[in-house]
Amino acid sequence: MSWSSPKSTDSNQPIDKPVLLPQVVINTRPVERAAPLTEHLQAAGMSVIDMPMLTLEARPTTEQDMGLMRQWFAGNYQALVIVSPTAAASGLAVWQALEHERHAQKSSENASQQKETGFTGLEAPSHLIAVGEATAAVLNDAKLAASSYQVLQPLIANNEGMLAMPEIDSLQAGDKLLVWRGLGGRRLLVDTLQARGVHIDSIAWYERKMPADAMTQYEQWQTQFLTQQSLQQTTSVAQPKPIVIVSSGTAFEHWEAIVKTVAAKASESNKDKIAGSPLQLNDFAYVVLGERLANMVARQQLSYWRVEDLAPATILAAIHSPIVDSM
């Protein structure tokens, strides 16, 4: 957001009009995915706080997971959908191990030579569909055989975009789809295809948890923000409503729990040192990904921008556009 200094005397504005401070943006994306967005918004003049509401923890690979991978490897699925860079990296590691295993079996009589030559590339047995640029990049960096399936992407990086892809839209009753994902997540793709009679298996390579220090980090930020806000009340400096960027329902649930818990604790404590009233959910504006999240915040009468992908340019453009006021 563009902003002017307290000494600005734009002839189109009253001289005593409050001057806006840089827009505060809270980026709740996981640490490993936050940097490009944070850097883009900072370059646009915004004050960005990285406050992850999710941490991704690897899950043990089970025998059932390996069985599904071997079925996919054998060509039993019409397509493989990969929903995140983390899922792509985890699945690739197992895929590569299975590829080595297959080549070792084929060349058991000459194992030393096989070890030296290795394999020429990963051979995908079905369509590969990556949700988003970052996920596609992980797959494209792997050694995919030129004669194998290429990495496909939906025009819009969400469940709705995938449903519109010919490779997904053409699936019929009896077809099979494998999904690499994290534990939980949105169900639109799965529910829609299952209603069509498509058999869907999934491997949850990781799970999403609330970071251990998330509440402490929020409390510290709120104290600083409210102290600054209290000082500004005696000046001509105005503070815009902070913006929170949320990319998943689980992250929003964690954010909601923290904001409500900290507000309740601050209100009940006689020893509370916060300069002003604790912040509530409606003291923020939200940038949310997709229809499900938009409905979640709308039900709570929160103001928001809805985006269909998490590209930094998309989010910046949304922030500069009219907001949806659910009040």
# chains A, B, ... in the order shown; residues from 1 in each chain; ligands from 1
>>> residues_around(residues="stretch 126-137 of chain A", least_positions_apart="4", cutoff="10 Å", atoms="only C-alpha atoms", output="PyMOL selection string")
chain A and resi 33+72-89+141-142+148-159+161-162+165+167-168+177-180+309-311
>>> residues_around(residues="A:Met51", least_positions_apart="4", cutoff="12 Å", atoms="only C-alpha atoms", output="JSON list (two decimals) with N, CA, C and O atoms, in the first residue's frame")
[["chain", "number", "residue", "atom", "x", "y", "z"],
["A", 25, "VAL", "N", 0.51, -6.87, 7.51],
["A", 25, "VAL", "CA", 0.02, -8.13, 6.95],
["A", 25, "VAL", "C", 0.62, -9.28, 7.75],
["A", 25, "VAL", "O", 1.84, -9.34, 7.95],
["A", 26, "ILE", "N", -0.23, -10.20, 8.18],
["A", 26, "ILE", "CA", 0.21, -11.39, 8.90],
["A", 26, "ILE", "C", 0.13, -12.58, 7.94],
["A", 26, "ILE", "O", -0.94, -12.92, 7.45],
["A", 27, "ASN", "N", 1.27, -13.16, 7.67],
["A", 27, "ASN", "CA", 1.37, -14.30, 6.76],
["A", 27, "ASN", "C", 1.35, -15.59, 7.59],
["A", 27, "ASN", "O", 2.31, -15.87, 8.30],
["A", 28, "THR", "N", 0.27, -16.34, 7.50],
["A", 28, "THR", "CA", 0.13, -17.55, 8.33],
["A", 28, "THR", "C", 0.59, -18.82, 7.64],
["A", 28, "THR", "O", 0.42, -19.92, 8.18],
["A", 29, "ARG", "N", 1.20, -18.70, 6.45],
["A", 29, "ARG", "CA", 1.64, -19.89, 5.73],
["A", 29, "ARG", "C", 2.78, -20.60, 6.48],
["A", 29, "ARG", "O", 3.53, -19.95, 7.23],
["A", 30, "PRO", "N", 2.94, -21.91, 6.29],
["A", 30, "PRO", "CA", 4.06, -22.63, 6.94],
["A", 30, "PRO", "C", 5.40, -21.99, 6.58],
["A", 30, "PRO", "O", 5.55, -21.40, 5.50],
["A", 31, "VAL", "N", 6.36, -22.11, 7.46],
["A", 31, "VAL", "CA", 7.66, -21.46, 7.30],
["A", 31, "VAL", "C", 8.29, -21.75, 5.94],
["A", 31, "VAL", "O", 8.78, -20.85, 5.26],
["A", 33, "ARG", "N", 7.01, -22.28, 3.19],
["A", 33, "ARG", "CA", 6.28, -21.77, 2.02],
["A", 33, "ARG", "C", 6.01, -20.27, 2.10],
["A", 33, "ARG", "O", 5.39, -19.70, 1.20],
["A", 34, "ALA", "N", 6.47, -19.61, 3.15],
["A", 34, "ALA", "CA", 6.07, -18.22, 3.40],
["A", 34, "ALA", "C", 6.94, -17.19, 2.69],
["A", 34, "ALA", "O", 6.46, -16.10, 2.34],
["A", 35, "ALA", "N", 8.21, -17.49, 2.47],
["A", 35, "ALA", "CA", 9.18, -16.47, 2.06],
["A", 35, "ALA", "C", 8.83, -15.72, 0.78],
["A", 35, "ALA", "O", 8.88, -14.48, 0.76],
["A", 38, "THR", "N", 6.02, -13.19, 1.53],
["A", 38, "THR", "CA", 6.48, -12.15, 2.45],
["A", 38, "THR", "C", 7.38, -11.14, 1.73],
["A", 38, "THR", "O", 7.20, -9.92, 1.86],
["A", 55, "THR", "N", 2.39, -26.19, 11.03],
["A", 55, "THR", "CA", 3.70, -26.79, 10.82],
["A", 55, "THR", "C", 3.45, -28.17, 10.23],
["A", 55, "THR", "O", 2.48, -28.86, 10.59],
["A", 210, "MET", "N", -0.56, -27.24, 14.81],
["A", 210, "MET", "CA", -0.32, -25.86, 15.22],
["A", 210, "MET", "C", 1.10, -25.76, 15.77],
["A", 210, "MET", "O", 1.51, -26.56, 16.62],
["A", 211, "PRO", "N", 1.90, -24.79, 15.31],
["A", 211, "PRO", "CA", 3.25, -24.63, 15.86],
["A", 211, "PRO", "C", 3.20, -24.40, 17.37],
["A", 211, "PRO", "O", 2.31, -23.72, 17.88],
["A", 212, "ALA", "N", 4.16, -24.96, 18.05],
["A", 212, "ALA", "CA", 4.17, -24.87, 19.52],
["A", 212, "ALA", "C", 4.23, -23.44, 20.03],
["A", 212, "ALA", "O", 3.69, -23.14, 21.10],
["A", 213, "ASP", "N", 4.87, -22.55, 19.27],
["A", 213, "ASP", "CA", 5.03, -21.18, 19.74],
["A", 213, "ASP", "C", 4.04, -20.21, 19.11],
["A", 213, "ASP", "O", 4.19, -19.00, 19.24],
["A", 214, "ALA", "N", 3.02, -20.73, 18.43],
["A", 214, "ALA", "CA", 2.10, -19.85, 17.69],
["A", 214, "ALA", "C", 1.37, -18.87, 18.62],
["A", 214, "ALA", "O", 1.27, -17.67, 18.32],
["A", 215, "MET", "N", 0.87, -19.35, 19.74],
["A", 215, "MET", "CA", 0.12, -18.48, 20.64],
["A", 215, "MET", "C", 1.03, -17.43, 21.27],
["A", 215, "MET", "O", 0.67, -16.25, 21.38],
["A", 216, "THR", "N", 2.22, -17.83, 21.68],
["A", 216, "THR", "CA", 3.17, -16.88, 22.26],
["A", 216, "THR", "C", 3.55, -15.81, 21.24],
["A", 216, "THR", "O", 3.62, -14.62, 21.57],
["A", 217, "GLN", "N", 3.77, -16.23, 20.03],
["A", 217, "GLN", "CA", 4.14, -15.28, 18.98],
["A", 217, "GLN", "C", 3.01, -14.27, 18.74],
["A", 217, "GLN", "O", 3.26, -13.07, 18.59],
["A", 218, "TYR", "N", 1.78, -14.76, 18.74],
["A", 218, "TYR", "CA", 0.64, -13.86, 18.54],
["A", 218, "TYR", "C", 0.50, -12.89, 19.71],
["A", 218, "TYR", "O", 0.26, -11.69, 19.52],
["A", 219, "GLU", "N", 0.64, -13.40, 20.93],
["A", 219, "GLU", "CA", 0.52, -12.52, 22.11],
["A", 219, "GLU", "C", 1.56, -11.41, 22.07],
["A", 219, "GLU", "O", 1.26, -10.24, 22.36],
["A", 220, "GLN", "N", 2.79, -11.75, 21.72],
["A", 220, "GLN", "CA", 3.85, -10.74, 21.66],
["A", 220, "GLN", "C", 3.55, -9.70, 20.58],
["A", 220, "GLN", "O", 3.72, -8.50, 20.81],
["A", 221, "TRP", "N", 3.11, -10.17, 19.42],
["A", 221, "TRP", "CA", 2.78, -9.22, 18.35],
["A", 221, "TRP", "C", 1.62, -8.32, 18.76],
["A", 221, "TRP", "O", 1.66, -7.11, 18.55],
["A", 222, "GLN", "N", 0.58, -8.90, 19.38],
["A", 222, "GLN", "CA", -0.59, -8.10, 19.77],
["A", 222, "GLN", "C", -0.21, -7.01, 20.77],
["A", 222, "GLN", "O", -0.67, -5.87, 20.67],
["A", 244, "VAL", "N", -4.82, -10.62, 7.44],
["A", 244, "VAL", "CA", -4.33, -11.97, 7.73],
["A", 244, "VAL", "C", -4.51, -12.83, 6.48],
["A", 244, "VAL", "O", -5.62, -12.92, 5.94],
["A", 245, "ILE", "N", -3.44, -13.44, 6.02],
["A", 245, "ILE", "CA", -3.48, -14.30, 4.84],
["A", 245, "ILE", "C", -3.61, -15.75, 5.31],
["A", 245, "ILE", "O", -2.77, -16.26, 6.05],
["A", 246, "VAL", "N", -4.69, -16.40, 4.89],
["A", 246, "VAL", "CA", -4.99, -17.77, 5.32],
["A", 246, "VAL", "C", -5.22, -18.65, 4.10],
["A", 246, "VAL", "O", -6.02, -18.31, 3.23],
["A", 251, "ALA", "N", -5.57, -23.92, 9.12],
["A", 251, "ALA", "CA", -4.86, -22.73, 9.56],
["A", 251, "ALA", "C", -5.82, -21.71, 10.15],
["A", 251, "ALA", "O", -5.53, -21.07, 11.17],
["A", 254, "HIS", "N", -6.89, -22.77, 13.61],
["A", 254, "HIS", "CA", -5.84, -22.48, 14.59],
["A", 254, "HIS", "C", -5.81, -21.00, 14.92],
["A", 254, "HIS", "O", -5.69, -20.61, 16.10],
["A", 255, "TRP", "N", -5.91, -20.15, 13.89],
["A", 255, "TRP", "CA", -5.91, -18.70, 14.10],
["A", 255, "TRP", "C", -7.10, -18.29, 14.98],
["A", 255, "TRP", "O", -6.94, -17.52, 15.94],
["A", 258, "ILE", "N", -6.55, -19.25, 18.63],
["A", 258, "ILE", "CA", -5.55, -18.41, 19.30],
["A", 258, "ILE", "C", -6.11, -17.04, 19.62],
["A", 258, "ILE", "O", -5.97, -16.53, 20.74]]
>>> residues_around(residues="A:Ser248", least_positions_apart="6", cutoff="10 Å", atoms="only C-alpha atoms", output="JSON list (two decimals) with all heavy atoms, in the first residue's frame")
[["chain", "number", "residue", "atom", "x", "y", "z"],
["A", 28, "THR", "N", 0.27, -16.34, 7.50],
["A", 28, "THR", "CA", 0.13, -17.55, 8.33],
["A", 28, "THR", "C", 0.59, -18.82, 7.64],
["A", 28, "THR", "O", 0.42, -19.92, 8.18],
["A", 28, "THR", "CB", -1.33, -17.75, 8.78],
["A", 28, "THR", "OG1", -2.13, -18.11, 7.64],
["A", 28, "THR", "CG2", -1.88, -16.50, 9.43],
["A", 29, "ARG", "N", 1.20, -18.70, 6.45],
["A", 29, "ARG", "CA", 1.64, -19.89, 5.73],
["A", 29, "ARG", "C", 2.78, -20.60, 6.48],
["A", 29, "ARG", "O", 3.53, -19.95, 7.23],
["A", 29, "ARG", "CB", 2.10, -19.52, 4.32],
["A", 29, "ARG", "CG", 1.03, -18.83, 3.48],
["A", 29, "ARG", "CD", 1.07, -19.32, 2.06],
["A", 29, "ARG", "NE", 0.64, -20.70, 1.97],
["A", 29, "ARG", "CZ", 0.99, -21.54, 0.98],
["A", 29, "ARG", "NH1", 1.82, -21.12, 0.03],
["A", 29, "ARG", "NH2", 0.56, -22.78, 0.95],
["A", 53, "MET", "N", 0.58, -20.64, 11.13],
["A", 53, "MET", "CA", -0.49, -21.31, 11.86],
["A", 53, "MET", "C", -0.46, -22.82, 11.63],
["A", 53, "MET", "O", -1.27, -23.55, 12.18],
["A", 53, "MET", "CB", -1.85, -20.75, 11.45],
["A", 53, "MET", "CG", -2.13, -19.36, 11.98],
["A", 53, "MET", "SD", -2.31, -19.32, 13.79],
["A", 53, "MET", "CE", -0.93, -18.23, 14.24],
["A", 54, "LEU", "N", 0.47, -23.25, 10.78],
["A", 54, "LEU", "CA", 0.63, -24.67, 10.51],
["A", 54, "LEU", "C", 2.10, -25.04, 10.52],
["A", 54, "LEU", "O", 2.93, -24.26, 10.06],
["A", 54, "LEU", "CB", 0.05, -25.04, 9.14],
["A", 54, "LEU", "CG", -1.45, -24.95, 8.91],
["A", 54, "LEU", "CD1", -1.76, -25.27, 7.45],
["A", 54, "LEU", "CD2", -2.20, -25.88, 9.83],
["A", 185, "GLY", "N", -7.56, -31.72, 5.05],
["A", 185, "GLY", "CA", -7.63, -30.93, 3.82],
["A", 185, "GLY", "C", -9.02, -30.96, 3.21],
["A", 185, "GLY", "O", -9.94, -31.61, 3.69],
["A", 186, "ARG", "N", -9.16, -30.24, 2.09],
["A", 186, "ARG", "CA", -10.45, -30.09, 1.45],
["A", 186, "ARG", "C", -10.91, -31.38, 0.77],
["A", 186, "ARG", "O", -10.10, -32.15, 0.29],
["A", 186, "ARG", "CB", -10.40, -28.94, 0.44],
["A", 186, "ARG", "CG", -10.19, -27.59, 1.10],
["A", 186, "ARG", "CD", -10.18, -26.48, 0.09],
["A", 186, "ARG", "NE", -8.99, -26.55, -0.76],
["A", 186, "ARG", "CZ", -8.80, -25.72, -1.78],
["A", 186, "ARG", "NH1", -9.69, -24.80, -2.07],
["A", 186, "ARG", "NH2", -7.70, -25.82, -2.52],
["A", 288, "VAL", "N", -8.31, -15.00, 1.78],
["A", 288, "VAL", "CA", -8.57, -16.43, 1.93],
["A", 288, "VAL", "C", -8.55, -17.12, 0.57],
["A", 288, "VAL", "O", -8.92, -16.54, -0.45],
["A", 288, "VAL", "CB", -9.92, -16.68, 2.64],
["A", 288, "VAL", "CG1", -9.89, -16.11, 4.05],
["A", 288, "VAL", "CG2", -11.08, -16.08, 1.85],
["A", 289, "LEU", "N", -8.15, -18.39, 0.59],
["A", 289, "LEU", "CA", -8.03, -19.16, -0.63],
["A", 289, "LEU", "C", -9.28, -19.99, -0.88],
["A", 289, "LEU", "O", -9.60, -20.89, -0.09],
["A", 289, "LEU", "CB", -6.81, -20.09, -0.55],
["A", 289, "LEU", "CG", -6.60, -21.05, -1.72],
["A", 289, "LEU", "CD1", -6.28, -20.28, -3.01],
["A", 289, "LEU", "CD2", -5.48, -22.03, -1.41],
["A", 290, "GLY", "N", -9.99, -19.71, -1.96],
["A", 290, "GLY", "CA", -11.08, -20.57, -2.41],
["A", 290, "GLY", "C", -12.40, -20.38, -1.71],
["A", 290, "GLY", "O", -12.55, -19.64, -0.74],
["A", 292, "ARG", "N", -14.38, -22.56, 0.03],
["A", 292, "ARG", "CA", -14.61, -23.09, 1.38],
["A", 292, "ARG", "C", -14.16, -22.12, 2.46],
["A", 292, "ARG", "O", -14.90, -21.86, 3.43],
["A", 292, "ARG", "CB", -13.87, -24.43, 1.53],
["A", 292, "ARG", "CG", -13.98, -25.03, 2.93],
["A", 292, "ARG", "CD", -13.41, -26.44, 2.94],
["A", 292, "ARG", "NE", -13.41, -27.00, 4.28],
["A", 292, "ARG", "CZ", -12.35, -27.03, 5.10],
["A", 292, "ARG", "NH1", -11.21, -26.54, 4.68],
["A", 292, "ARG", "NH2", -12.42, -27.57, 6.30],
["A", 293, "LEU", "N", -12.97, -21.56, 2.30],
["A", 293, "LEU", "CA", -12.48, -20.60, 3.29],
["A", 293, "LEU", "C", -13.30, -19.32, 3.28],
["A", 293, "LEU", "O", -13.57, -18.73, 4.33],
["A", 293, "LEU", "CB", -11.00, -20.29, 3.03],
["A", 293, "LEU", "CG", -9.99, -21.08, 3.84],
["A", 293, "LEU", "CD1", -8.58, -20.80, 3.35],
["A", 293, "LEU", "CD2", -10.10, -20.74, 5.32]]
>>> residues_around(residues="A:Ser303", least_positions_apart="5", cutoff="8 Å", atoms="only C-alpha atoms", output="list in words")
Asn282, Phe284, Ala285, Tyr286, Val297, Ala298, Ile323, Val324, Asp325, Ser326 and Met327 of chain A
>>> closest_residue(among="A:Leu183, A:Ala93, A:Val48, A:Ala43", to="A:Arg208", atoms="only C-alpha atoms")
A:Leu183
>>> select_by_dssp(residues="stretch 100-273 of chain A", states="strand (DSSP E)", output="number ranges by chain")
A: 127-130, 151-152, 176-182, 199-209, 237-238, 243-246
>>> residues_around(residues="A:Arg196", least_positions_apart="6", cutoff="12 Å", atoms="only C-alpha atoms", output="number ranges by chain")
A: 163, 168-176, 189-190
>>> write_last_selection(atoms="N, CA, C and O atoms", output="PDB file, in the first residue's frame")
ATOM      1  N   LEU A 163     -11.092 -30.263 -11.180  1.00  0.00           N
ATOM      2  CA  LEU A 163     -12.290 -30.908 -11.699  1.00  0.00           C
ATOM      3  C   LEU A 163     -12.561 -30.524 -13.145  1.00  0.00           C
ATOM      4  O   LEU A 163     -13.211 -31.265 -13.885  1.00  0.00           O
ATOM      5  N   ILE A 168      -9.222 -35.249 -15.468  1.00  0.00           N
ATOM      6  CA  ILE A 168     -10.069 -35.530 -14.308  1.00  0.00           C
ATOM      7  C   ILE A 168     -11.535 -35.624 -14.722  1.00  0.00           C
ATOM      8  O   ILE A 168     -12.272 -36.514 -14.291  1.00  0.00           O
ATOM      9  N   ASP A 169     -11.951 -34.696 -15.565  1.00  0.00           N
ATOM     10  CA  ASP A 169     -13.350 -34.660 -15.998  1.00  0.00           C
ATOM     11  C   ASP A 169     -13.759 -35.942 -16.719  1.00  0.00           C
ATOM     12  O   ASP A 169     -14.921 -36.346 -16.683  1.00  0.00           O
ATOM     13  N   SER A 170     -12.797 -36.595 -17.373  1.00  0.00           N
ATOM     14  CA  SER A 170     -13.114 -37.799 -18.150  1.00  0.00           C
ATOM     15  C   SER A 170     -13.185 -39.060 -17.304  1.00  0.00           C
ATOM     16  O   SER A 170     -13.569 -40.128 -17.807  1.00  0.00           O
ATOM     17  N   LEU A 171     -12.827 -38.984 -16.011  1.00  0.00           N
ATOM     18  CA  LEU A 171     -12.862 -40.171 -15.168  1.00  0.00           C
ATOM     19  C   LEU A 171     -14.299 -40.662 -14.998  1.00  0.00           C
ATOM     20  O   LEU A 171     -15.216 -39.863 -14.766  1.00  0.00           O
ATOM     21  N   GLN A 172     -14.474 -41.966 -15.079  1.00  0.00           N
ATOM     22  CA  GLN A 172     -15.806 -42.562 -15.002  1.00  0.00           C
ATOM     23  C   GLN A 172     -15.860 -43.595 -13.885  1.00  0.00           C
ATOM     24  O   GLN A 172     -14.848 -43.922 -13.266  1.00  0.00           O
ATOM     25  N   ALA A 173     -17.068 -44.108 -13.655  1.00  0.00           N
ATOM     26  CA  ALA A 173     -17.253 -45.146 -12.645  1.00  0.00           C
ATOM     27  C   ALA A 173     -16.322 -46.319 -12.929  1.00  0.00           C
ATOM     28  O   ALA A 173     -16.239 -46.792 -14.064  1.00  0.00           O
ATOM     29  N   GLY A 174     -15.610 -46.738 -11.895  1.00  0.00           N
ATOM     30  CA  GLY A 174     -14.658 -47.837 -12.044  1.00  0.00           C
ATOM     31  C   GLY A 174     -13.235 -47.393 -12.237  1.00  0.00           C
ATOM     32  O   GLY A 174     -12.309 -48.180 -12.017  1.00  0.00           O
ATOM     33  N   ASP A 175     -13.036 -46.139 -12.666  1.00  0.00           N
ATOM     34  CA  ASP A 175     -11.673 -45.615 -12.782  1.00  0.00           C
ATOM     35  C   ASP A 175     -11.086 -45.400 -11.389  1.00  0.00           C
ATOM     36  O   ASP A 175     -11.815 -45.287 -10.394  1.00  0.00           O
ATOM     37  N   LYS A 176      -9.760 -45.305 -11.344  1.00  0.00           N
ATOM     38  CA  LYS A 176      -9.082 -45.144 -10.054  1.00  0.00           C
ATOM     39  C   LYS A 176      -8.154 -43.931 -10.083  1.00  0.00           C
ATOM     40  O   LYS A 176      -7.483 -43.686 -11.094  1.00  0.00           O
ATOM     41  N   LEU A 189     -12.806 -32.345  -4.306  1.00  0.00           N
ATOM     42  CA  LEU A 189     -12.378 -33.222  -5.395  1.00  0.00           C
ATOM     43  C   LEU A 189     -12.785 -34.661  -5.118  1.00  0.00           C
ATOM     44  O   LEU A 189     -13.386 -35.339  -5.962  1.00  0.00           O
ATOM     45  N   VAL A 190     -12.469 -35.139  -3.916  1.00  0.00           N
ATOM     46  CA  VAL A 190     -12.754 -36.526  -3.555  1.00  0.00           C
ATOM     47  C   VAL A 190     -14.257 -36.789  -3.561  1.00  0.00           C
ATOM     48  O   VAL A 190     -14.742 -37.766  -4.149  1.00  0.00           O
TER      49      VAL A 190
END
>>> residues_around(residues="A:Gln96", least_positions_apart="2", cutoff="10 Å", atoms="only C-alpha atoms", output="ChimeraX atom specification")
/A:91-94,98-102,119,121-123,142-143
>>> select_by_dssp(residues="stretch 88-235 of chain A", states="alpha helix (DSSP H)", output="ChimeraX atom specification")
/A:88-106,111-117,133-140,159-163,166-169,188-195,214-232
>>> closest_residue(among="A:Glu256, A:Ser107, A:Ser147, A:Pro22", to="A:Ala124", atoms="only C-alpha atoms")
A:Ser147
>>> atom_distance(atom1="atom CA of A:Pro242", atom2="atom CA of A:Gln229")
11.6 Å
>>> atom_distance(atom1="atom CA of A:Ser247", atom2="atom CA of A:Thr261")
21.3 Å
>>> closest_residue(among="A:Ile319, A:Ala204, A:Leu41, A:Leu193", to="A:Glu57", atoms="only C-alpha atoms")
A:Ala204
